[in-house]
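Next comes model-v4.cif, with mmCIF, C-alpha atoms.
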data_structure
#
loop_
_atom_site.label_atom_id
_atom_site.label_comp_id
_atom_site.auth_asym_id
_atom_site.auth_seq_id
_atom_site.Cartn_x
_atom_site.Cartn_y
_atom_site.Cartn_z
CA MET U 1 -16.32 16.76 -92.31
CA GLN U 2 -12.97 17.31 -90.64
CA GLU U 3 -11.89 13.84 -91.76
CA MET U 4 -12.71 14.65 -95.38
CA THR U 5 -10.50 17.74 -95.39
CA GLU U 6 -7.57 15.68 -94.08
CA LEU U 7 -7.63 13.49 -97.19
CA PRO U 8 -5.44 14.68 -100.06
CA PRO U 9 -7.54 15.28 -103.20
CA GLN U 10 -6.96 12.82 -106.00
CA ASP U 11 -4.99 14.42 -108.82
CA LEU U 12 -4.38 12.19 -111.83
CA GLY U 13 -3.52 14.94 -114.30
CA PRO U 14 -5.51 14.50 -117.51
CA PHE U 15 -7.35 11.48 -116.05
CA THR U 16 -8.77 13.34 -113.03
CA SER U 17 -12.15 14.03 -114.66
CA PHE U 18 -12.38 10.37 -115.76
CA TYR U 19 -11.53 9.28 -112.20
CA LYS U 20 -14.20 11.57 -110.75
CA MET U 21 -16.71 10.13 -113.21
CA VAL U 22 -15.92 6.46 -112.43
CA VAL U 23 -15.42 6.53 -108.64
CA PRO U 24 -18.98 7.61 -107.64
CA GLN U 25 -20.25 4.42 -109.30
CA PHE U 26 -18.42 2.46 -106.61
CA LYS U 27 -19.08 4.78 -103.67
CA PHE U 28 -22.80 4.06 -103.27
CA PHE U 29 -24.28 0.62 -103.88
CA PRO U 30 -21.26 -0.64 -105.83
CA TRP U 31 -23.03 -3.94 -106.57
CA ARG U 32 -24.79 -2.59 -109.62
CA SER U 33 -21.55 -1.60 -111.41
CA ALA U 34 -19.53 -4.51 -109.98
CA SER U 35 -22.12 -7.07 -111.13
CA ILE U 36 -22.29 -5.66 -114.66
CA ILE U 37 -18.47 -5.66 -114.96
CA ALA U 38 -18.31 -9.18 -113.45
CA ILE U 39 -20.90 -10.61 -115.87
CA ILE U 40 -19.21 -9.04 -118.92
CA SER U 41 -15.74 -10.16 -117.68
CA SER U 42 -16.93 -13.74 -117.09
CA MET U 43 -18.32 -13.89 -120.65
CA PHE U 44 -15.03 -12.63 -122.06
CA LEU U 45 -13.16 -15.13 -119.89
CA TYR U 46 -15.32 -17.93 -121.30
CA LEU U 47 -14.61 -16.75 -124.85
CA PHE U 48 -10.85 -16.72 -124.18
CA LEU U 49 -10.49 -19.74 -121.90
CA GLY U 50 -13.34 -21.99 -123.06
CA ALA U 51 -13.30 -25.33 -121.24
CA THR U 52 -10.44 -24.15 -119.00
CA LEU U 53 -12.91 -21.83 -117.26
CA VAL U 54 -15.06 -24.82 -116.30
CA ARG U 55 -11.94 -26.53 -114.89
CA LEU U 56 -11.03 -23.32 -113.03
CA VAL U 57 -14.46 -23.26 -111.39
CA SER U 58 -13.99 -26.87 -110.25
CA ILE U 59 -10.64 -25.91 -108.67
CA LEU U 60 -12.20 -22.84 -107.01
CA GLN U 61 -15.06 -24.94 -105.67
CA PHE U 62 -12.53 -27.18 -103.95
CA GLY U 63 -10.76 -24.06 -102.65
CA PHE U 64 -12.85 -23.25 -99.60
CA MET J 65 -23.76 -9.55 -66.13
CA SER J 66 -26.63 -7.47 -67.44
CA ASP J 67 -24.20 -4.69 -68.38
CA ILE J 68 -22.05 -7.09 -70.41
CA PHE J 69 -25.15 -8.33 -72.24
CA TRP J 70 -26.37 -4.83 -73.17
CA GLN J 71 -22.85 -3.75 -74.12
CA SER J 72 -22.47 -6.82 -76.37
CA LEU J 73 -25.89 -6.21 -77.91
CA ARG J 74 -25.00 -2.57 -78.60
CA LEU J 75 -21.74 -3.64 -80.27
CA PHE J 76 -23.54 -6.30 -82.30
CA ILE J 77 -26.08 -3.75 -83.57
CA LEU J 78 -23.20 -1.40 -84.43
CA PHE J 79 -21.45 -4.26 -86.24
CA GLY J 80 -24.68 -5.10 -88.12
CA LYS J 81 -25.16 -1.48 -89.20
CA ASN J 82 -21.55 -1.23 -90.39
CA THR J 83 -21.85 -4.54 -92.24
CA VAL J 84 -24.92 -3.30 -94.12
CA GLY J 85 -23.03 -0.06 -94.74
CA CYS J 86 -20.05 -1.95 -96.20
CA ILE J 87 -22.47 -3.58 -98.67
CA ASN J 88 -24.56 -0.55 -99.65
CA SER J 89 -22.24 2.42 -99.21
CA PRO J 90 -18.69 1.30 -98.41
CA TYR J 91 -17.21 4.78 -98.92
CA ILE J 92 -19.38 6.48 -96.27
CA THR J 93 -19.07 3.52 -93.87
CA TYR J 94 -15.28 3.36 -94.13
CA ARG J 95 -15.01 7.13 -93.67
CA LYS J 96 -17.09 6.78 -90.49
CA LEU J 97 -15.07 3.77 -89.28
CA ALA J 98 -11.80 5.62 -89.85
CA LYS J 99 -12.76 8.33 -87.36
CA GLU J 100 -11.10 8.30 -83.97
CA GLY J 101 -13.11 6.62 -81.24
CA THR J 102 -14.57 3.77 -83.29
CA PRO J 103 -14.67 0.90 -80.77
CA ILE J 104 -12.41 -2.02 -81.72
CA PRO J 105 -14.53 -4.63 -79.79
CA GLN J 106 -17.21 -4.53 -82.51
CA THR J 107 -14.74 -6.34 -84.80
CA VAL J 108 -14.86 -9.35 -82.47
CA PHE J 109 -18.04 -10.47 -84.31
CA ILE J 110 -16.12 -10.66 -87.60
CA PHE J 111 -13.55 -12.94 -85.96
CA LEU J 112 -16.31 -15.01 -84.35
CA PHE J 113 -17.88 -15.52 -87.78
CA CYS J 114 -14.41 -16.50 -89.09
CA LEU J 115 -14.08 -19.10 -86.31
CA LEU J 116 -17.59 -20.35 -87.13
CA TYR J 117 -16.59 -20.67 -90.79
CA PHE J 118 -13.39 -22.59 -89.94
CA LEU J 119 -15.39 -24.98 -87.76
CA TRP J 120 -17.95 -25.44 -90.55
CA ALA J 121 -15.28 -25.91 -93.26
CA THR J 122 -13.32 -28.40 -91.15
CA THR J 123 -16.47 -30.38 -90.41
CA ILE J 124 -17.33 -30.60 -94.12
CA ARG J 125 -13.78 -31.59 -95.09
CA ILE J 126 -12.85 -33.97 -92.28
CA GLY J 127 -16.23 -34.97 -90.83
CA LEU J 128 -17.08 -35.53 -87.19
CA ARG J 129 -15.74 -39.09 -87.03
CA ASN J 130 -12.15 -38.08 -86.46
CA PRO J 131 -11.92 -35.41 -83.73
CA PHE J 132 -8.09 -35.51 -83.77
CA PHE J 133 -7.73 -34.47 -87.43
CA LEU J 134 -10.69 -32.12 -87.00
CA THR J 135 -8.86 -30.24 -84.23
CA ILE J 136 -5.56 -30.15 -86.13
CA LYS J 137 -7.18 -28.88 -89.33
CA PHE J 138 -9.22 -26.27 -87.42
CA ASN J 139 -6.11 -24.98 -85.62
CA LEU J 140 -4.13 -24.82 -88.87
CA LEU J 141 -6.90 -22.80 -90.56
CA VAL J 142 -7.07 -20.37 -87.64
CA LEU J 143 -3.27 -19.96 -87.51
CA GLY J 144 -3.00 -19.55 -91.30
CA ALA J 145 -5.76 -16.93 -91.38
CA LEU J 146 -4.34 -15.01 -88.41
CA LEU J 147 -0.91 -15.01 -90.03
CA GLY J 148 -2.36 -13.63 -93.28
CA PHE J 149 -4.42 -11.01 -91.46
CA PHE J 150 -1.54 -9.66 -89.39
CA LEU J 151 0.87 -9.91 -92.34
CA VAL J 152 -1.34 -7.52 -94.34
CA ILE J 153 -1.71 -5.12 -91.39
CA PHE J 154 2.06 -5.18 -90.87
CA LEU J 155 2.67 -4.50 -94.59
CA ILE J 156 0.12 -1.65 -94.65
CA MET J 157 1.67 -0.02 -91.56
CA LEU J 158 5.19 -0.50 -92.94
CA LEU J 159 4.26 1.06 -96.29
CA GLY J 160 2.49 3.84 -94.39
CA LYS J 161 5.77 4.65 -92.62
CA VAL J 162 7.82 4.38 -95.84
CA PHE J 163 5.51 6.62 -97.92
CA GLY J 164 4.73 9.07 -95.13
CA GLY J 165 1.16 7.95 -94.54
CA MET J 166 -0.83 9.22 -91.55
CA GLY J 167 -2.08 5.85 -90.38
CA ASN J 168 -2.37 4.37 -86.94
CA THR J 169 -2.70 0.71 -86.07
CA HIS J 170 -6.14 1.15 -84.43
CA ARG J 171 -7.67 2.58 -87.61
CA VAL J 172 -5.99 0.13 -90.01
CA PHE J 173 -6.99 -2.80 -87.78
CA ILE J 174 -10.69 -1.84 -87.83
CA LEU J 175 -10.76 -1.10 -91.58
CA TRP J 176 -8.92 -4.28 -92.55
CA SER J 177 -11.11 -6.35 -90.19
CA TYR J 178 -14.23 -5.18 -92.05
CA SER J 179 -12.55 -6.07 -95.34
CA LEU J 180 -12.81 -9.71 -94.20
CA LEU J 181 -16.57 -9.56 -94.89
CA PRO J 182 -16.27 -10.31 -98.65
CA THR J 183 -13.77 -13.09 -97.84
CA LEU J 184 -16.15 -14.65 -95.32
CA PHE J 185 -19.09 -14.33 -97.69
CA TRP J 186 -17.21 -16.01 -100.57
CA PHE J 187 -15.91 -18.86 -98.42
CA PHE J 188 -19.28 -19.51 -96.77
CA THR J 189 -21.14 -19.47 -100.11
CA THR J 190 -18.55 -21.67 -101.83
CA SER J 191 -18.67 -24.21 -99.01
CA ILE J 192 -22.50 -24.33 -99.17
CA LEU J 193 -22.38 -24.71 -102.97
CA TYR J 194 -19.82 -27.50 -102.48
CA ILE J 195 -22.51 -29.44 -100.61
CA LEU J 196 -25.44 -28.52 -102.87
CA LEU J 197 -23.65 -28.90 -106.22
CA PRO J 198 -20.41 -30.80 -105.58
CA PRO J 199 -17.53 -30.31 -108.06
CA PRO J 200 -16.11 -31.19 -110.55
CA ARG J 201 -18.13 -29.29 -113.13
CA THR J 202 -18.75 -30.93 -116.47
CA LEU J 203 -18.66 -29.51 -119.99
CA SER J 204 -22.42 -29.96 -120.34
CA TYR J 205 -24.70 -27.03 -121.08
CA LEU J 206 -25.72 -26.71 -117.41
CA GLY J 207 -22.10 -27.10 -116.25
CA LYS J 208 -21.01 -24.20 -118.44
CA ILE J 209 -23.86 -21.96 -117.28
CA TYR J 210 -23.09 -22.76 -113.64
CA SER J 211 -19.40 -22.00 -114.26
CA LEU J 212 -20.25 -18.62 -115.79
CA VAL J 213 -22.53 -17.73 -112.85
CA PHE J 214 -19.93 -18.85 -110.31
CA ILE J 215 -17.14 -16.85 -111.98
CA ALA J 216 -19.37 -13.75 -112.19
CA PHE J 217 -20.27 -14.16 -108.50
CA SER J 218 -16.59 -14.62 -107.52
CA LEU J 219 -15.54 -11.57 -109.56
CA SER J 220 -18.25 -9.43 -107.91
CA ILE J 221 -16.98 -10.44 -104.48
CA PHE J 222 -13.41 -9.80 -105.64
CA PHE J 223 -14.38 -6.25 -106.76
CA TRP J 224 -16.06 -5.67 -103.39
CA LYS J 225 -12.87 -6.81 -101.67
CA MET J 226 -10.77 -4.51 -103.87
CA ILE J 227 -13.03 -1.54 -103.01
CA LEU J 228 -12.59 -2.23 -99.29
CA TYR J 229 -8.83 -2.70 -99.75
CA TYR J 230 -8.61 0.62 -101.60
CA LEU J 231 -10.65 2.35 -98.86
CA THR J 232 -8.43 0.81 -96.15
CA LEU J 233 -5.38 2.45 -97.69
CA ARG J 234 -7.27 5.65 -98.54
CA PHE J 235 -8.77 6.23 -95.09
CA GLY J 236 -6.29 4.18 -93.05
CA LEU J 237 -3.15 5.86 -94.35
CA HIS J 238 -4.60 8.87 -96.26
CA PHE J 239 -2.84 7.65 -99.42
CA ASP J 240 -3.67 9.05 -102.85
CA LEU J 241 -4.20 6.81 -105.88
CA SER J 242 -0.56 6.79 -107.02
CA LYS J 243 0.68 5.73 -103.57
CA ILE J 244 -2.05 3.07 -103.41
CA GLY J 245 -0.85 1.78 -106.80
CA VAL J 246 2.79 1.56 -105.64
CA ALA J 247 1.76 -0.01 -102.32
CA THR J 248 -0.33 -2.60 -104.17
CA GLY J 249 2.66 -3.39 -106.41
CA ILE J 250 4.69 -4.16 -103.28
CA ILE J 251 1.98 -5.99 -101.31
CA THR J 252 0.76 -8.24 -104.18
CA PRO J 253 3.92 -10.38 -104.67
CA ILE J 254 4.25 -10.85 -100.90
CA ILE J 255 0.60 -11.98 -100.68
CA LEU J 256 1.17 -14.30 -103.65
CA GLY J 257 4.18 -15.79 -101.84
CA TYR J 258 2.09 -16.25 -98.67
CA SER J 259 -0.71 -17.87 -100.71
CA LEU J 260 1.73 -20.30 -102.36
CA TRP J 261 3.20 -21.17 -98.97
CA MET J 262 -0.28 -21.83 -97.51
CA TYR J 263 -1.10 -23.98 -100.56
CA ARG J 264 2.09 -26.03 -100.21
CA LEU J 265 1.42 -26.55 -96.50
CA GLY J 266 -2.07 -27.77 -97.41
CA ILE J 267 -3.79 -25.14 -95.23
CA PHE J 268 -5.56 -22.97 -97.83
CA ARG J 269 -6.08 -23.65 -101.54
CA VAL J 270 -7.53 -20.16 -101.89
CA PRO J 271 -5.95 -17.75 -99.37
CA PHE J 272 -8.23 -16.50 -96.59
CA ILE J 273 -7.31 -12.81 -96.89
#
Let me see whether you can do it: turn the structure in this file into structure tokens.
Amino acid sequence: MQEMTELPPQDLGPFTSFYKMVVPQFKFFPWRSASIIAIISSMFLYLFLGATLVRLVSILQFGF
Amino acid sequence: MSDIFWQSLRLFILFGKNTVGCINSPYITYRKLAKEGTPIPQTVFIFLFCLLYFLWATTIRIGLRNPFFLTIKFNLLVLGALLGFFLVIFLIMLLGKVFGGMGNTHRVFILWSYSLLPTLFWFFTTSILYILLPPPRTLSYLGKIYSLVFIAFSLSIFFWKMILYYLTLRFGLHFDLSKIGVATGIITPIILGYSLWMYRLGIFRVPFI
């Protein structure tokens, strides 16, 4: 509790309410939101990059 | 001897609980980890898993037939990863001093150590997939579906990493969002430079950060 009071509250002006709406999605079990965003982003990436995305995955698979 | 065993077991259970916490509720876990008195020795398990990964990755890449190259590659991976780890901690502490953060090295070390979990998970999974479904991917129907799944998986891990990075700066230095944004703007090009350097040296194709 003491630790929480030490943190400065987030003040983003007009975006503060938006911030307070978005952040709880990532505070507890962030996988749900992260997975949805990741799936939608990967589909958009495929639409934009096409075959390049497949090549990118090959490069990433060699990247370990 | 018995004391060391029970102490190690206690730390391992603590590490396990915090690892599950970093997956399910990273905010609460990082807030707890940031408190004074969190024992640093529990992070030793993260580094042991890193060493295990480097051994595994080197064995897949080089094979067991050439112990000389195996040892060199393993040492290079360890040195490259250690350099990246301490570079980030140094940058975080430096930016903490510059922007008047309230961080201490003990807290930042623990928080950043736990942020290696997504990195480890991605590298382990990718190396296992490399064996099960070796690249390159083709433009076939199945190749495209696999690529989409792999990119979605990688992005999810990347988001997890970003959450832990954000929480490291938030709880490690008590930064607000604007300071985190500025700090990220400074850290990112340096990390990109480090990644390029590691790539040119042939140590990491994807940086182990």
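Against this structure, the PyMOL selection byres ((chain J) within 7 of (chain U)) ends up with Ile87, Asn88, Ser89, Pro90, Tyr91, Phe187, Thr190, Ser191, Tyr194, Pro199, Pro200, Arg201, Leu203, Lys208, Ser211, Leu212, Ile215, Ala216, Leu219, Ser220, Phe223, His238, Asp240, Leu241, Arg269 and Val270 of chain J.
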Please define a box with edges along x, y and z of the file around all atoms of stretch 135-142 of chain J given in the file, extend it by 4 Å on each side, and return its centre and edge lengths in Å to one decimal, as lines of an AutoDock Vina configuration file.
center_x = -6.7
center_y = -25.3
center_z = -87.4
size_x = 13.1
size_y = 17.9
size_z = 14.3
May I have the residues within 8 Å of stretch 108-124 of chain J as a compact mmCIF listing (two decimals) with C-alpha atoms, in the coordinates of the input, using only C-alpha atoms and disregarding those fewer than 3 positions away in the same chain?
# COMPACT_ATOMS: atom_id res chain seq x y z
CA PHE U 64 -12.85 -23.25 -99.60
CA PHE J 76 -23.54 -6.30 -82.30
CA PHE J 79 -21.45 -4.26 -86.24
CA ILE J 104 -12.41 -2.02 -81.72
CA PRO J 105 -14.53 -4.63 -79.79
CA GLY J 127 -16.23 -34.97 -90.83
CA LEU J 128 -17.08 -35.53 -87.19
CA LEU J 134 -10.69 -32.12 -87.00
CA LYS J 137 -7.18 -28.88 -89.33
CA PHE J 138 -9.22 -26.27 -87.42
CA LEU J 141 -6.90 -22.80 -90.56
CA VAL J 142 -7.07 -20.37 -87.64
CA SER J 177 -11.11 -6.35 -90.19
CA TYR J 178 -14.23 -5.18 -92.05
CA LEU J 180 -12.81 -9.71 -94.20
CA LEU J 181 -16.57 -9.56 -94.89
CA LEU J 184 -16.15 -14.65 -95.32
CA PHE J 187 -15.91 -18.86 -98.42
CA PHE J 188 -19.28 -19.51 -96.77
CA SER J 191 -18.67 -24.21 -99.01
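Distance check against J:Val172 using only C-alpha atoms: of J:Ser242, J:Asn139, J:Asn130, J:Thr232, the minimum falls on J:Thr232.
Residues captured in this structure file are J:Leu143, J:Gly144, J:Ala145, J:Leu146, J:Leu147, J:Gly148, J:Phe149, J:Leu151, J:Val152, J:Ile153, J:Phe154, J:Leu155, J:Ile156, J:Met157, J:Leu158, J:Thr169, J:Val172, J:Phe173, J:Trp176, J:Ser177, J:Ile255, J:Tyr258, J:Phe272, J:Ile273, according to the PyMOL selection byres ((chain J and resi 150) around 12).
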Would you mind exporting C-alpha atoms of the selected residues as a short mmCIF file (atom, residue, chain, number, x, y, z; two decimals), in the frame of the given file?
data_model
loop_
_atom_site.label_atom_id
_atom_site.label_comp_id
_atom_site.auth_asym_id
_atom_site.auth_seq_id
_atom_site.Cartn_x
_atom_site.Cartn_y
_atom_site.Cartn_z
CA LEU J 143 -3.27 -19.96 -87.51
CA GLY J 144 -3.00 -19.55 -91.30
CA ALA J 145 -5.76 -16.93 -91.38
CA LEU J 146 -4.34 -15.01 -88.41
CA LEU J 147 -0.91 -15.01 -90.03
CA GLY J 148 -2.36 -13.63 -93.28
CA PHE J 149 -4.42 -11.01 -91.46
CA LEU J 151 0.87 -9.91 -92.34
CA VAL J 152 -1.34 -7.52 -94.34
CA ILE J 153 -1.71 -5.12 -91.39
CA PHE J 154 2.06 -5.18 -90.87
CA LEU J 155 2.67 -4.50 -94.59
CA ILE J 156 0.12 -1.65 -94.65
CA MET J 157 1.67 -0.02 -91.56
CA LEU J 158 5.19 -0.50 -92.94
CA THR J 169 -2.70 0.71 -86.07
CA VAL J 172 -5.99 0.13 -90.01
CA PHE J 173 -6.99 -2.80 -87.78
CA TRP J 176 -8.92 -4.28 -92.55
CA SER J 177 -11.11 -6.35 -90.19
CA ILE J 255 0.60 -11.98 -100.68
CA TYR J 258 2.09 -16.25 -98.67
CA PHE J 272 -8.23 -16.50 -96.59
CA ILE J 273 -7.31 -12.81 -96.89
#
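Put simply, atom CA of J:Phe185 is 11.5 Å away from atom CA of J:Thr83.
Atom CA of J:Lys99 lies 23.6 Å from atom CA of J:Thr248.
Across the structure, atom CA of J:Ile136 and atom CA of J:Leu260 are spaced 20.3 Å apart.
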J:Val162 surroundings by all atoms listed in the file, 12 Å radius, close-in-sequence under 3 positions cut, as an mmCIF file with C-alpha atoms, in the coordinates of the input:
data_model
loop_
_atom_site.group_PDB
_atom_site.id
_atom_site.type_symbol
_atom_site.label_atom_id
_atom_site.label_comp_id
_atom_site.auth_asym_id
_atom_site.auth_seq_id
_atom_site.Cartn_x
_atom_site.Cartn_y
_atom_site.Cartn_z
ATOM 1 C CA LEU J 155 2.670 -4.500 -94.590
ATOM 2 C CA ILE J 156 0.120 -1.650 -94.650
ATOM 3 C CA MET J 157 1.670 -0.020 -91.560
ATOM 4 C CA LEU J 158 5.190 -0.500 -92.940
ATOM 5 C CA LEU J 159 4.260 1.060 -96.290
ATOM 6 C CA GLY J 165 1.160 7.950 -94.540
ATOM 7 C CA MET J 166 -0.830 9.220 -91.550
ATOM 8 C CA GLY J 167 -2.080 5.850 -90.380
ATOM 9 C CA LEU J 237 -3.150 5.860 -94.350
ATOM 10 C CA PHE J 239 -2.840 7.650 -99.420
ATOM 11 C CA LYS J 243 0.680 5.730 -103.570
ATOM 12 C CA VAL J 246 2.790 1.560 -105.640
ATOM 13 C CA ALA J 247 1.760 -0.010 -102.320
ATOM 14 C CA ILE J 250 4.690 -4.160 -103.280
#
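Of the residues under consideration (J:Phe235, J:Trp186, J:Trp70, J:Phe214), J:Phe235 shows the shortest atom-to-atom contact distance to J:Ile174 when counting all atoms listed in the file.
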Among J:Ser259, J:Gly160, J:Pro131, J:Ile227, U:Gln25 is approached most closely, using all atoms listed in the file, by J:Ile227
Residues picked by the PyMOL selection byres ((chain J and resi 78) around 12) here, as a ChimeraX atom specification? /J:71-77,79-85,93,96-97,102-109
